[in-house]
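Asker: Take a look at the following structure, please.
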Amino acid sequence: MELIKKIKSRLDDLLGTIPEHKGDAVGSVLAHLLESDPGLSFARAVRASERPGFTRIVRAGIAYYAKPEYKVLNPFKEGGNGVYFVKGCNDDPTGIFFTDAYNVDNMEYSDAIAAYLFAYGIPRDDLVMVPVTFWPKTYERTPENITALRSVGAPLPNEGI
């Protein structure tokens with residue numbers, strides 16, 4: 001069954017079929033954007049292609065790491081200390097979104113989806129926001145960095161309690 005989904009996804013890529021998003025967060029944000037500016041159009045997000053290595057990102061004095069192909073969706077965001085991955089399915093590219101804190105409200109989630117649509121296009125699947133710190137290789141694991149992450153309320157499932 002999974003193989004059939006992958007083949008269909010590849011065919012849709014070749015045909016340029018725009019994914020449908022009805023009843024999910026991407027569909028809601030997309031509808032709002034198109035209502036506010038009917039001249040907007042979004043293409044299908046280009047399939048993610050990974051490159052080796054990592055890029056170091058320092059935000060509010062805390063060091064994070066991301067794959068080099070990940071785009072920062074709101075690079076001019078001032079203030080705050082939250083860092084999230086904005087992700088669809090494995091075939092969709094991943095974005096990085098800066099937030100005020102390590103808890104995302106509906107407005108930030110909608111802003112992240114809109115920024116993703118402008119940066120990448122329409123994803124194949126609905127988008128989720130996951131704190132960067134959910135994976136151990138996405139932040140610097142020095143005692144100072146971990147203390148700084150704890151002080152801003154970052155979830156650290158790989159560091160114990």
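How things are named: the first chain in the structure tokens is A, the next is B, and so on; residues count from 1 in each chain; ligands count from 1 in the order shown.
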Tell me, as a ChimeraX atom specification, which residues lie within 9 Å of Cys89 in chain A, counting only C-alpha atoms; anything in the same chain fewer than 3 positions away does not count.

Answerer: /A:92-93,123-127

Asker: Mind writing the picked residues with C-alpha atoms as a compact mmCIF listing (two decimals), in the first residue's frame?

Answerer:
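Result file part_3.txt:
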```txt
# COMPACT_ATOMS: atom_id res chain seq x y z
CA ASP A 92 7.66 17.66 1.56
CA PRO A 93 10.47 20.11 2.30
CA PRO A 123 2.65 20.59 0.61
CA ARG A 124 1.44 17.06 -0.09
CA ASP A 125 0.19 16.69 3.47
CA ASP A 126 -1.01 18.91 6.31
CA LEU A 127 1.76 20.73 8.16
```

Asker: Please, which residues of range 33-153 of chain A, numbered as in this document, come out helix (DSSP H, G or I) from DSSP, as an NGL selection string?

Answerer: :A and (33-36 or 106-119 or 132-134 or 136-138 or 143-151)

Asker: I'd like to know which of A:Arg56, A:Lys87, A:Lys77, A:Arg141 is closest to Ile122 in chain A, using only C-alpha atoms.

Answerer: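 Closest to Ile122 in chain A, using only C-alpha atoms: A:Lys87.
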
Asker: Do a neighbour search on Met129 in chain A at 7 Å with only C-alpha atoms, toss out local chain neighbours closer than 3 positions, and write the hits as JSON, numbers by chain.

Answerer: {"A": [84, 85, 86, 87]}

Asker: Deliver the residues from the most recent selection as a file, using N, CA, C and O atoms, as a CSV table (one decimal), in the first residue's frame.

Answerer:
```
chain,number,residue,atom,x,y,z
A,84,TYR,N,11.1,26.1,15.7
A,84,TYR,CA,10.3,25.0,15.3
A,84,TYR,C,10.6,24.5,13.9
A,84,TYR,O,10.9,25.4,13.0
A,85,PHE,N,10.4,23.2,13.6
A,85,PHE,CA,10.4,22.7,12.3
A,85,PHE,C,9.0,22.7,11.8
A,85,PHE,O,8.0,22.4,12.6
A,86,VAL,N,8.7,23.2,10.6
A,86,VAL,CA,7.4,23.1,9.9
A,86,VAL,C,7.5,22.0,8.9
A,86,VAL,O,8.2,22.1,7.9
A,87,LYS,N,6.7,20.9,9.1
A,87,LYS,CA,6.9,19.7,8.4
A,87,LYS,C,5.6,19.1,7.9
A,87,LYS,O,4.7,19.1,8.6
```

Asker: Quick check, in Å to one decimal: how far apart do CA of Ile57 in chain A and CA of Phe76 in chain A lie?

Answerer: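 That distance, rounded to one decimal, is 13.6 Å.
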
Asker: Let me make sure I understand: among A:Ala101, A:Ile146, A:Val130, A:Trp135, which one has the smallest atom-to-atom distance to Asn158 in chain A if we use only C-alpha atoms?

Answerer: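 Under the stated criterion, the closest residue is A:Trp135.
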
Asker: For Pro52 in chain A, find every residue with an atom within 10 Å (counting only C-alpha atoms), except residues of its own chain fewer than 4 positions away, and show them as a ChimeraX atom specification.

Answerer: /A:67-69

Asker: Go ahead and save the residues from that selection, with N, CA, C and O atoms, as a CSV table (one decimal), in the first residue's frame.

Answerer:
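Dumped to out_12.csv:
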```csv
chain,number,residue,atom,x,y,z
A,67,LYS,N,19.4,20.8,8.7
A,67,LYS,CA,19.9,20.4,7.5
A,67,LYS,C,20.0,21.6,6.6
A,67,LYS,O,19.2,22.6,6.6
A,68,PRO,N,21.1,21.7,5.7
A,68,PRO,CA,21.3,22.9,4.9
A,68,PRO,C,20.2,23.3,3.9
A,68,PRO,O,20.1,24.4,3.6
A,69,GLU,N,19.3,22.3,3.6
A,69,GLU,CA,18.3,22.7,2.6
A,69,GLU,C,17.0,23.2,3.3
A,69,GLU,O,16.1,23.7,2.6
```
